[in-house]
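A.B. asks: Enclosed is the structure file entry_1.cif (mmCIF, C-alpha atoms).
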```
data_run
loop_
_atom_site.label_atom_id
_atom_site.label_comp_id
_atom_site.auth_asym_id
_atom_site.auth_seq_id
_atom_site.Cartn_x
_atom_site.Cartn_y
_atom_site.Cartn_z
CA MET A 1 45.66 154.31 137.15
CA ASN A 2 49.15 153.49 135.79
CA HIS A 3 52.07 155.60 136.91
CA PRO A 4 53.56 157.46 133.90
CA THR A 5 57.07 156.30 133.04
CA ASP A 6 57.61 158.66 130.11
CA ILE A 7 55.73 161.92 129.66
CA GLY A 8 57.47 162.79 126.43
CA ALA A 9 60.50 164.84 125.61
CA SER A 10 60.27 168.56 126.23
CA ASP A 11 61.20 170.35 123.00
CA GLY A 12 59.88 173.72 124.06
CA ALA A 13 56.94 173.45 121.69
CA ALA A 14 54.37 172.78 124.41
CA SER A 15 52.25 175.75 125.33
CA ALA A 16 52.27 177.21 128.80
CA ALA A 17 48.82 175.73 129.42
CA GLU A 18 50.02 172.26 128.40
CA ARG A 19 53.04 172.50 130.66
CA ALA A 20 50.79 173.67 133.46
CA ARG A 21 48.50 170.71 132.85
CA GLU A 22 51.39 168.25 133.26
CA ARG A 23 52.67 170.04 136.34
CA LEU A 24 49.20 169.92 137.88
CA LEU A 25 48.85 166.21 137.14
CA ASP A 26 52.20 165.56 138.80
CA GLU A 27 51.21 167.75 141.72
CA ALA A 28 47.89 165.91 142.11
CA ARG A 29 49.62 162.55 142.27
CA GLN A 30 52.22 163.85 144.72
CA LEU A 31 49.48 165.20 146.96
CA GLN A 32 47.56 161.93 146.73
CA THR A 33 50.68 160.02 147.70
CA ALA A 34 51.33 162.34 150.62
CA GLN A 35 47.70 162.04 151.71
CA ALA A 36 47.85 158.24 151.66
CA ARG A 37 51.09 158.23 153.63
CA ALA A 38 49.61 160.61 156.19
CA GLU A 39 46.43 158.55 156.50
CA ALA A 40 48.37 155.32 156.98
CA GLY A 41 50.61 157.09 159.48
CA LEU A 42 47.61 158.29 161.46
CA ILE A 43 46.10 154.80 161.56
CA ASP A 44 49.44 153.43 162.75
CA VAL A 45 49.58 155.99 165.57
CA VAL A 46 46.02 155.14 166.63
CA VAL A 47 46.93 151.45 166.88
CA ARG A 48 50.09 152.20 168.85
CA ALA A 49 48.35 154.64 171.19
CA VAL A 50 45.70 152.09 172.16
CA ALA A 51 48.35 149.36 172.48
CA ASN A 52 50.28 151.60 174.87
CA ALA A 53 47.17 152.10 177.01
CA VAL A 54 46.44 148.36 177.08
CA ALA A 55 50.03 147.56 178.05
CA HIS A 56 50.01 150.20 180.81
CA PRO A 57 46.41 150.50 182.11
CA GLU A 58 47.64 152.40 185.16
CA ILE A 59 48.16 155.52 183.02
CA GLU A 60 44.47 155.56 182.07
CA LEU A 61 42.47 154.03 184.93
CA ALA A 62 41.61 155.19 188.42
CA PRO A 63 43.74 153.15 190.85
CA ALA A 64 40.95 152.88 193.44
CA ASP A 65 38.52 151.29 191.02
CA PRO A 66 38.35 147.46 191.07
CA ARG A 67 38.59 147.55 187.26
CA ALA A 68 41.83 149.53 187.34
CA THR A 69 43.76 146.80 185.54
CA ASP A 70 41.10 146.08 182.93
CA ALA A 71 42.67 146.43 179.48
CA ASP A 72 39.26 147.02 177.84
CA TYR A 73 38.57 150.10 179.95
CA ALA A 74 42.10 151.37 179.36
CA ALA A 75 41.51 151.00 175.62
CA ARG A 76 38.22 152.89 175.91
CA SER A 77 39.97 155.73 177.69
CA ALA A 78 42.64 155.89 174.99
CA VAL A 79 39.98 155.89 172.26
CA LEU A 80 38.22 158.81 173.95
CA GLY A 81 41.51 160.74 174.10
CA LEU A 82 42.16 160.14 170.39
CA SER A 83 38.57 161.09 169.57
CA LEU A 84 38.82 164.44 171.31
CA GLU A 85 42.35 165.18 170.12
CA LEU A 86 41.52 164.44 166.46
CA GLY A 87 37.98 165.79 166.39
CA LEU A 88 36.58 162.39 165.40
CA SER A 89 33.76 160.31 166.85
CA GLN A 90 34.71 157.33 168.98
CA ASP A 91 33.15 155.06 166.35
CA GLN A 92 35.51 156.52 163.75
CA VAL A 93 38.50 155.87 166.00
CA HIS A 94 37.34 152.29 166.62
CA THR A 95 37.07 151.77 162.86
CA MET A 96 40.59 153.06 162.32
CA LEU A 97 41.82 150.80 165.12
CA ASP A 98 40.17 147.71 163.67
CA GLU A 99 41.40 148.46 160.14
CA GLY A 100 44.91 149.22 161.33
CA ARG A 101 45.26 146.04 163.37
CA THR A 102 44.14 143.84 160.48
CA LEU A 103 46.21 145.61 157.84
CA ARG A 104 49.37 145.65 159.94
CA ASN A 105 49.12 142.05 161.12
CA LEU A 106 47.55 140.15 158.22
CA LEU A 107 47.97 142.20 155.04
CA PRO A 108 51.67 143.17 154.91
CA ALA A 109 51.80 143.91 151.18
CA THR A 110 48.70 146.11 151.27
CA TRP A 111 49.87 147.85 154.43
CA SER A 112 53.29 148.53 152.90
CA ALA A 113 51.80 149.96 149.69
CA PHE A 114 49.40 152.09 151.73
CA GLY A 115 52.19 153.38 153.95
CA GLU A 116 54.36 154.21 150.92
CA GLY A 117 51.47 156.06 149.31
CA THR A 118 51.30 153.88 146.19
CA ILE A 119 47.68 152.94 146.97
CA THR A 120 45.04 155.05 148.70
CA GLY A 121 43.23 154.31 151.92
CA GLN A 122 40.05 153.70 149.95
CA LYS A 123 41.75 150.95 147.93
CA ALA A 124 43.26 149.43 151.07
CA ARG A 125 39.75 149.21 152.57
CA VAL A 126 38.39 147.49 149.44
CA ILE A 127 41.09 144.83 149.79
CA LEU A 128 40.40 144.53 153.51
CA ILE A 129 36.65 144.00 153.01
CA HIS A 130 37.15 141.07 150.65
CA PHE A 131 40.08 139.70 152.64
CA ARG A 132 37.68 139.11 155.51
CA ARG A 133 35.76 136.66 153.35
CA LEU A 134 38.74 134.32 153.02
CA PRO A 135 39.29 131.12 155.01
CA VAL A 136 41.80 131.24 157.86
CA ASP A 137 44.69 129.97 155.75
CA GLU A 138 47.94 131.93 155.81
CA GLU A 139 49.03 130.84 152.32
CA ILE A 140 45.71 131.83 150.73
CA GLN A 141 45.59 135.12 152.63
CA LEU A 142 49.12 136.13 151.64
CA PHE A 143 48.46 135.22 148.00
CA PHE A 144 45.35 137.41 148.01
CA ASP A 145 47.24 140.24 149.73
CA ASP A 146 50.16 140.20 147.26
CA THR A 147 47.91 139.93 144.20
CA MET A 148 45.53 142.71 145.23
CA ALA A 149 48.23 145.07 146.49
CA THR A 150 49.87 144.87 143.06
CA ALA A 151 46.58 145.24 141.17
CA ALA A 152 45.54 148.22 143.28
CA GLN A 153 48.42 150.28 141.89
CA THR A 154 47.15 150.05 138.31
CA VAL A 155 43.34 150.06 138.53
CA ASN A 156 40.71 152.40 139.94
CA VAL A 157 38.55 151.64 142.96
CA LYS A 158 35.59 150.18 141.05
CA GLN A 159 37.86 147.89 139.07
CA LEU A 160 39.70 146.82 142.20
CA ARG A 161 36.41 146.05 143.96
CA ARG A 162 35.40 143.73 141.13
CA LYS A 163 38.80 142.00 140.94
CA ALA A 164 38.97 141.51 144.70
CA ALA A 165 35.46 140.06 144.83
CA ARG A 166 36.18 137.60 142.04
CA LEU A 167 39.49 136.46 143.49
CA ALA A 168 37.91 136.03 146.93
CA ASP A 169 35.16 133.93 145.33
CA ARG A 170 37.77 131.64 143.79
CA LEU A 171 39.86 131.33 146.94
CA THR A 172 37.15 130.70 149.47
CA GLU A 173 36.40 127.08 150.19
CA ARG A 174 33.17 127.72 152.06
CA PRO A 175 29.75 127.05 150.49
CA ILE A 176 27.72 130.15 149.63
CA GLU A 177 25.19 129.13 152.30
CA VAL A 178 27.86 129.41 154.98
CA VAL A 179 29.14 132.72 153.65
CA HIS A 180 25.59 134.06 153.48
CA ALA A 181 24.75 132.88 156.99
CA GLU A 182 27.79 134.65 158.40
CA ALA A 183 27.06 137.83 156.43
CA ALA A 184 23.45 137.73 157.61
CA LYS A 185 24.62 138.06 161.20
CA ALA A 186 25.66 141.62 160.35
CA ARG A 187 22.21 142.69 159.15
CA ARG A 188 21.26 146.00 160.66
CA VAL A 189 19.66 149.38 160.14
CA TRP A 190 21.39 152.73 160.52
CA VAL A 191 20.70 156.40 159.90
CA ASP A 192 23.14 159.05 158.66
CA VAL A 193 21.84 162.56 159.26
CA GLU A 194 22.71 165.06 156.55
CA GLU A 195 23.70 168.24 158.34
CA GLY A 196 21.87 171.44 157.53
CA THR A 197 19.03 169.99 155.44
CA GLY A 198 16.69 168.35 157.93
CA MET A 199 17.08 165.12 155.93
CA ALA A 200 18.77 161.78 156.58
CA TYR A 201 19.78 158.54 154.85
CA PHE A 202 17.97 155.46 156.17
CA THR A 203 19.95 152.34 155.30
CA ALA A 204 19.21 148.68 155.92
CA TYR A 205 21.56 145.72 155.40
CA LEU A 206 19.19 142.85 154.64
CA HIS A 207 18.95 139.49 152.94
CA ALA A 208 19.18 140.31 149.21
CA ASP A 209 15.82 138.69 148.40
CA GLU A 210 14.08 140.66 151.13
CA ALA A 211 15.66 143.90 149.97
CA LEU A 212 14.64 143.30 146.36
CA MET A 213 11.09 142.28 147.27
CA ALA A 214 10.80 145.31 149.52
CA LYS A 215 11.89 147.61 146.71
CA LYS A 216 9.41 145.97 144.32
CA ARG A 217 6.58 146.42 146.78
CA ILE A 218 7.50 150.05 147.40
CA THR A 219 7.74 150.67 143.65
CA ALA A 220 4.39 149.00 143.00
CA ILE A 221 2.63 151.07 145.65
CA ALA A 222 4.33 154.26 144.46
CA ALA A 223 3.10 153.57 140.92
CA THR A 224 -0.50 153.80 142.15
CA LEU A 225 -0.02 157.34 143.44
CA ASP A 226 -1.47 159.87 141.03
CA ASP A 227 -0.27 163.46 141.37
CA SER A 228 -1.55 164.59 137.98
CA HIS A 229 -4.27 166.72 139.58
CA LEU A 230 -1.66 168.76 141.47
CA PRO A 231 0.13 171.83 140.11
CA LYS A 232 3.24 170.85 138.19
CA ALA A 233 5.57 172.25 140.85
CA GLU A 234 3.99 169.99 143.52
CA ARG A 235 4.07 166.72 141.58
CA ARG A 236 6.45 164.11 142.94
CA SER A 237 9.02 162.22 140.93
CA ALA A 238 9.08 158.41 141.02
CA ASP A 239 11.99 158.50 143.47
CA GLN A 240 10.15 160.92 145.75
CA LYS A 241 7.05 158.72 145.72
CA ARG A 242 9.09 155.65 146.61
CA ALA A 243 10.76 157.51 149.47
CA ASP A 244 7.39 158.67 150.80
CA VAL A 245 5.90 155.18 150.55
CA ALA A 246 8.90 153.63 152.35
CA ALA A 247 8.63 156.19 155.16
CA ASP A 248 4.88 155.61 155.53
CA ILE A 249 5.37 151.84 155.77
CA LEU A 250 8.24 152.07 158.26
CA ILE A 251 6.57 154.49 160.68
CA GLY A 252 3.15 152.82 160.37
CA LYS A 253 1.44 155.96 159.11
CA GLY A 254 -2.30 155.55 159.18
CA GLU A 255 -2.04 152.42 161.35
CA PRO A 256 -2.86 153.37 164.96
CA SER A 257 -1.96 149.87 166.16
CA GLU A 258 1.62 150.23 164.96
CA VAL A 259 4.38 151.04 167.44
CA ARG A 260 5.69 154.53 166.77
CA PRO A 261 9.02 156.04 167.78
CA VAL A 262 9.11 158.84 170.32
CA VAL A 263 11.10 161.92 169.34
CA SER A 264 11.22 165.47 170.66
CA LEU A 265 10.35 168.45 168.51
CA TYR A 266 12.09 171.61 169.73
CA VAL A 267 10.29 174.74 168.53
CA PRO A 268 11.43 178.31 169.33
CA LEU A 269 8.22 180.21 170.09
CA LEU A 270 8.97 182.96 167.58
CA ASN A 271 8.55 180.33 164.86
CA LEU A 272 4.96 179.75 165.94
CA ALA A 273 4.37 183.48 166.11
CA GLY A 274 5.50 183.86 162.51
CA CYS A 275 8.64 185.85 163.38
CA PRO A 276 12.12 185.08 162.07
CA ASP A 277 14.24 183.05 164.44
CA GLU A 278 17.65 184.66 164.89
CA VAL A 279 19.13 182.01 167.13
CA ARG A 280 18.37 178.49 165.98
CA PRO A 281 15.78 176.61 163.96
CA ALA A 282 13.32 174.04 165.17
CA SER A 283 14.89 170.61 165.53
CA ILE A 284 14.20 166.95 166.11
CA ASP A 285 15.81 165.63 169.31
CA GLY A 286 17.78 168.85 169.47
CA ILE A 287 20.27 167.71 166.81
CA VAL A 288 18.41 167.47 163.49
CA PRO A 289 17.37 170.94 162.27
CA ILE A 290 14.11 171.10 160.32
CA PRO A 291 12.51 173.90 158.29
CA GLU A 292 9.94 176.18 159.93
CA LYS A 293 7.16 174.92 157.66
CA ARG A 294 7.89 171.33 158.63
CA ALA A 295 7.90 172.27 162.33
CA ARG A 296 4.53 173.99 161.96
CA GLU A 297 3.11 170.88 160.32
CA LEU A 298 4.40 168.65 163.11
CA VAL A 299 3.29 170.76 166.09
CA GLY A 300 0.03 169.35 167.41
CA ARG A 301 -0.29 166.80 164.63
CA SER A 302 1.74 163.70 165.43
CA PRO A 303 1.02 161.59 168.54
CA SER A 304 4.62 160.34 168.40
CA LEU A 305 6.15 163.75 169.17
CA THR A 306 6.93 165.35 172.50
CA ARG A 307 6.56 169.11 171.96
CA ILE A 308 9.14 171.27 173.73
CA PHE A 309 8.84 175.04 173.44
CA THR A 310 11.99 177.13 173.85
CA ASP A 311 12.83 180.77 174.36
CA PRO A 312 13.55 182.26 170.90
CA VAL A 313 16.60 184.23 172.03
CA ASP A 314 18.52 182.22 174.59
CA GLY A 315 17.08 178.77 173.90
CA ALA A 316 15.94 178.20 177.50
CA VAL A 317 13.17 175.65 177.96
CA LEU A 318 9.89 177.46 178.60
CA GLY A 319 7.60 174.46 178.80
CA VAL A 320 7.32 170.76 178.11
CA GLY A 321 4.28 169.31 176.33
CA ARG A 322 2.19 167.06 178.59
CA LYS A 323 0.57 164.77 176.03
CA LYS A 324 2.70 161.86 177.26
CA TYR A 325 2.75 163.00 180.93
CA VAL A 326 4.31 160.49 183.35
CA PRO A 327 4.85 162.04 186.81
CA SER A 328 7.90 159.93 187.70
CA ALA A 329 9.68 161.06 184.52
CA ASP A 330 9.26 164.82 184.99
CA LEU A 331 12.82 165.51 186.09
CA LYS A 332 14.32 163.40 183.33
CA ARG A 333 12.11 165.05 180.71
CA PHE A 334 13.17 168.50 181.88
CA VAL A 335 16.91 167.73 181.92
CA ILE A 336 16.80 166.13 178.47
CA ALA A 337 14.76 169.05 177.13
CA ARG A 338 17.27 171.52 178.56
CA ASP A 339 20.50 169.79 177.46
CA GLU A 340 19.15 168.04 174.32
CA ILE A 341 22.22 165.83 173.69
CA CYS A 342 24.95 163.95 175.56
CA ALA A 343 27.01 166.44 177.56
CA THR A 344 30.38 164.91 176.64
CA PRO A 345 32.33 167.16 174.22
CA GLY A 346 32.05 165.91 170.65
CA CYS A 347 29.15 163.50 171.32
CA VAL A 348 25.84 164.26 169.61
CA ARG A 349 23.78 161.31 170.80
CA ALA A 350 20.21 162.47 171.42
CA GLY A 351 19.24 162.95 175.05
CA ASN A 352 16.37 160.49 174.70
CA ASP A 353 18.97 157.75 174.10
CA CYS A 354 21.17 158.72 177.06
CA ASP A 355 21.40 157.87 180.74
CA LEU A 356 20.79 160.60 183.28
CA ASP A 357 24.16 161.15 184.98
CA HIS A 358 25.12 162.93 188.21
CA ARG A 359 27.88 165.42 187.41
CA VAL A 360 28.98 165.16 191.04
CA ASP A 361 28.68 161.49 191.98
CA PHE A 362 25.77 160.67 194.26
CA ALA A 363 28.16 158.64 196.43
CA LYS A 364 30.29 161.77 196.89
CA GLY A 365 27.40 163.98 198.00
CA GLY A 366 25.98 164.98 194.65
CA GLU A 367 22.25 165.68 194.75
CA THR A 368 19.60 164.29 192.43
CA ASN A 369 18.36 167.58 191.04
CA ALA A 370 18.31 169.38 187.72
CA ASP A 371 21.48 171.34 188.46
CA ASN A 372 23.49 168.15 189.01
CA LEU A 373 21.98 165.98 186.27
CA THR A 374 22.80 165.83 182.60
CA PRO A 375 22.27 163.35 179.72
CA ARG A 376 25.20 160.99 179.17
CA CYS A 377 25.39 158.28 176.53
CA PRO A 378 26.09 154.84 178.11
CA LYS A 379 29.56 154.60 176.56
CA ASP A 380 30.74 157.97 177.89
CA HIS A 381 28.99 157.35 181.20
CA THR A 382 31.15 154.28 181.78
CA ILE A 383 34.35 156.07 180.72
CA LYS A 384 33.62 158.95 183.11
CA HIS A 385 33.35 156.65 186.13
CA VAL A 386 35.93 153.96 185.35
CA THR A 387 38.86 155.87 183.85
CA ARG A 388 41.15 158.67 185.00
CA TRP A 389 39.37 161.25 182.89
CA GLN A 390 38.25 164.16 185.09
CA VAL A 391 35.03 166.09 184.39
CA SER A 392 34.39 169.64 185.56
CA THR A 393 32.18 172.48 184.38
CA ARG A 394 32.92 175.82 182.78
CA GLU A 395 30.76 178.93 182.57
CA THR A 396 30.51 180.32 179.03
CA SER A 397 28.47 183.10 177.48
CA ALA A 398 26.07 180.41 176.30
CA GLY A 399 25.77 178.69 179.69
CA ILE A 400 27.45 175.78 181.45
CA THR A 401 29.58 173.34 179.45
CA GLU A 402 31.66 170.39 180.60
CA VAL A 403 35.44 170.27 180.55
CA TRP A 404 37.04 166.82 180.17
CA THR A 405 40.64 166.53 181.35
CA SER A 406 42.56 163.55 179.99
CA PRO A 407 44.86 161.32 182.03
CA GLY A 408 47.70 163.29 180.44
CA GLY A 409 46.29 166.66 181.47
CA ARG A 410 44.87 167.83 178.12
CA ARG A 411 41.61 169.70 178.51
CA TYR A 412 38.71 169.55 176.06
CA TRP A 413 35.39 171.31 175.97
CA ASP A 414 32.87 172.34 173.36
CA ARG A 415 34.22 175.70 172.27
CA SER A 416 31.27 176.16 169.93
CA LEU A 417 29.31 177.10 173.05
CA ASP A 418 31.33 180.34 173.21
CA PRO A 419 29.62 182.43 170.47
CA PRO A 420 30.06 186.21 170.05
CA PRO A 421 27.78 188.27 172.32
CA ARG A 422 24.19 188.32 171.13
CA PRO A 423 22.44 191.59 170.32
CA LYS A 424 20.21 192.99 173.05
CA ARG A 425 16.92 191.16 173.33
CA ALA A 426 14.10 192.82 171.42
CA HIS A 427 10.62 193.04 172.84
CA VAL A 428 8.62 190.02 171.74
CA GLU A 429 4.85 189.60 171.75
CA TYR A 430 4.15 185.93 172.41
CA PRO A 431 0.85 184.50 171.21
CA ASP A 432 -1.79 183.98 173.90
CA GLU A 433 -2.46 180.48 172.58
CA VAL A 434 -0.12 178.08 170.85
CA PRO A 435 -1.73 176.86 167.59
CA PHE A 436 -2.05 173.07 167.90
#
```
Mind turning this structure into structure tokens?

C.D. replies:
Amino acid sequence: MNHPTDIGASDGAASAAERARERLLDEARQLQTAQARAEAGLIDVVVRAVANAVAHPEIELAPADPRATDADYAARSAVLGLSLELGLSQDQVHTMLDEGRTLRNLLPATWSAFGEGTITGQKARVILIHFRRLPVDEEIQLFFDDTMATAAQTVNVKQLRRKAARLADRLTERPIEVVHAEAAKARRVWVDVEEGTGMAYFTAYLHADEALMAKKRITAIAATLDDSHLPKAERRSADQKRADVAADILIGKGEPSEVRPVVSLYVPLLNLAGCPDEVRPASIDGIVPIPEKRARELVGRSPSLTRIFTDPVDGAVLGVGRKKYVPSADLKRFVIARDEICATPGCVRAGNDCDLDHRVDFAKGGETNADNLTPRCPKDHTIKHVTRWQVSTRETSAGITEVWTSPGGRRYWDRSLDPPPRPKRAHVEYPDEVPF
């Protein structure tokens, strides 16, 4: 919105509440400006930190490794350090790095306004998104940058998004077919898990016609579902029906010939016994908590689940379901069931999507056994072996956790694994048979 240039003369007639209102508005803008400056400053530091690592790979990489001068691995090491220092995922750091490089090098007016706090980071990203649609022409790019950086100071985000899209449409010289073909290369599917609810957002970036036809088909099928015979509290809304239909189609429900994903359902045994679980709920892949009722429904029902039963107090693995038994995979199944996710601090990639890594390298005498194996996502696996990061272990009240020591000597580990002492274990009567 516009910056106020005159808020009226103060004649003492304004009430205390009115004066407070104006002070709070001024304070809100000042805080927003400070926030934008801080955000731009952080992005700038991220760019400079990675540039420093690339320019001096010897400070990040192991000298004995043949890749010791590889700038890409040095950059990866620096990104890991920033990730752990800032409490961000590596993907978030990579995004900041990409945004910062483009803003600093190609959008000087937008970068300046962002750094001064006269536009927010959200507005800078709107400009950046549409900037990337422009032809590689310095004059056109600078015109777009100047025009949008000025507009961003007087309009809100939605207005800016519309203005930037329209100006980019006018400035681009490429046919829509070319633009569409390039955009189509980015089509993908991703999932954002909503913490604490057992739910997630499933998003697909598709051709617009396919997305619209898919929605029409889902809507048409959902319209045939009749819940009128159910109690009012159990009837589904139109949105809920569409969500259920979409899920059924995607997972091939009711179609045995369809390929189904394999996930692990972790169930503390007290849940199955009908007792309250004082430690942790059931979960999918060890990272997506689900309600007890949902866990009960899933146990023994779905052929796409690997059932893993855990001790209700200390979470130790008591047994691994054998429905999908493959003898050569026993050790891997046990380690993944025990550790659940990537062992690197801050990484929550599910164990099923990880490599199995030797904590002590096999080449250095490490054995291939459960004590020396842990899940490691491919990205962190490479960093561990190629860079100067050092990995050790630490005994906590909750068990063994890894300690990562940076090339600069900063140590990081998952401190959430150090909870207060648990109450003494109560006597538990386990059921003789697990209800499948």

A.B. asks: When the PyMOL selection byres ((chain A and resi 169-171) around 9) is applied to the file above, which residues end up in the set, as a VMD selection string?

C.D. replies: chain A and resid 133 to 135 140 to 141 144 164 to 168 172 to 173

A.B. asks: Taking (38.9, 149.6, 144.4) in the coordinates of the supplied file, I want to know which residues reach to within 10 Å of it, counting all atoms listed in the file; could you give the answer as a PyMOL selection string?

C.D. replies: chain A and resi 119-127+148+151-153+155-164

A.B. asks: Separation of atom CA of Ala211 of chain A and atom CA of Gly198 of chain A, in Å?

C.D. replies: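 Distance reported for this atom pair: 25.7 Å.
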
A.B. asks: Nearest to Arg37 of chain A: which of A:Ser112, A:Gln390, A:Thr344, A:Thr368 is it, counting all atoms listed in the file?

C.D. replies: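 Closest candidate: A:Ser112.
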
A.B. asks: Which residue, A:Ala184, A:Ala75, A:Val193, A:Val348, has the smallest gap to Thr387 of chain A when you use all atoms listed in the file?

C.D. replies: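 Checking each candidate against Thr387 of chain A, we get A:Ala75 as the closest.
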
A.B. asks: Of the candidates A:His385, A:His130, A:Arg76, A:Leu250, which one gets nearest to Phe362 of chain A if we count only C-alpha atoms?

C.D. replies: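 Residue with the minimum atom-to-atom distance to Phe362 of chain A: A:His385.
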
A.B. asks: For atom CA of Gly100 of chain A and atom CA of Thr69 of chain A, determine how far apart the two atoms are, in Å to one decimal place.

C.D. replies: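 For atom CA of Gly100 of chain A relative to atom CA of Thr69 of chain A, the distance reads 24.4 Å.
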
A.B. asks: Between atom CA of Arg132 of chain A and atom CA of Ala204 of chain A, what is the spacing in Å?

C.D. replies: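 That distance, rounded to one decimal, is 20.8 Å.
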
A.B. asks: Since I can't run it myself right now, could you work out what the PyMOL selection byres ((chain A and resi 71-74) around 8) selects here and report it as a PyMOL selection string?

C.D. replies: chain A and resi 53-55+57+60-61+67+69-70+75-78+383+386-387

A.B. asks: Return as JSON the centre and edge lengths, in Å with one decimal, of the box along x, y and z that encloses every atom of segment 108-114 of chain A in the file, padded by 4 Å per side.

C.D. replies:
```
{"center_x": 51.0, "center_y": 147.6, "center_z": 152.3, "size_x": 12.6, "size_y": 16.9, "size_z": 13.2}
```

A.B. asks: Which is closest to Trp190 of chain A among A:Val178, A:Asp137, A:Tyr205, A:Asp371, if we use all atoms listed in the file?

C.D. replies: A:Tyr205

A.B. asks: Can you list what the PyMOL selection byres ((chain A and resi 238) around 12) grabs from this structure, as a list of chain:residue names?

C.D. replies: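 Those residues are A:Ile218, A:Thr219, A:Ala220, A:Ile221, A:Ala222, A:Ala223, A:Thr224, A:Leu225, A:Asp226, A:Asp227, A:Arg235, A:Arg236, A:Ser237, A:Asp239, A:Gln240, A:Lys241, A:Arg242, A:Ala243, A:Asp244, A:Val245.
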
A.B. asks: For each of A:Phe131, A:Phe334, A:Tyr201, A:Trp389, take the minimum atom-to-atom distance to Ala62 of chain A, counting all atoms listed in the file, then give the residue where this is smallest.

C.D. replies: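 Counting all atoms listed in the file, the residue closest to Ala62 of chain A is A:Trp389.
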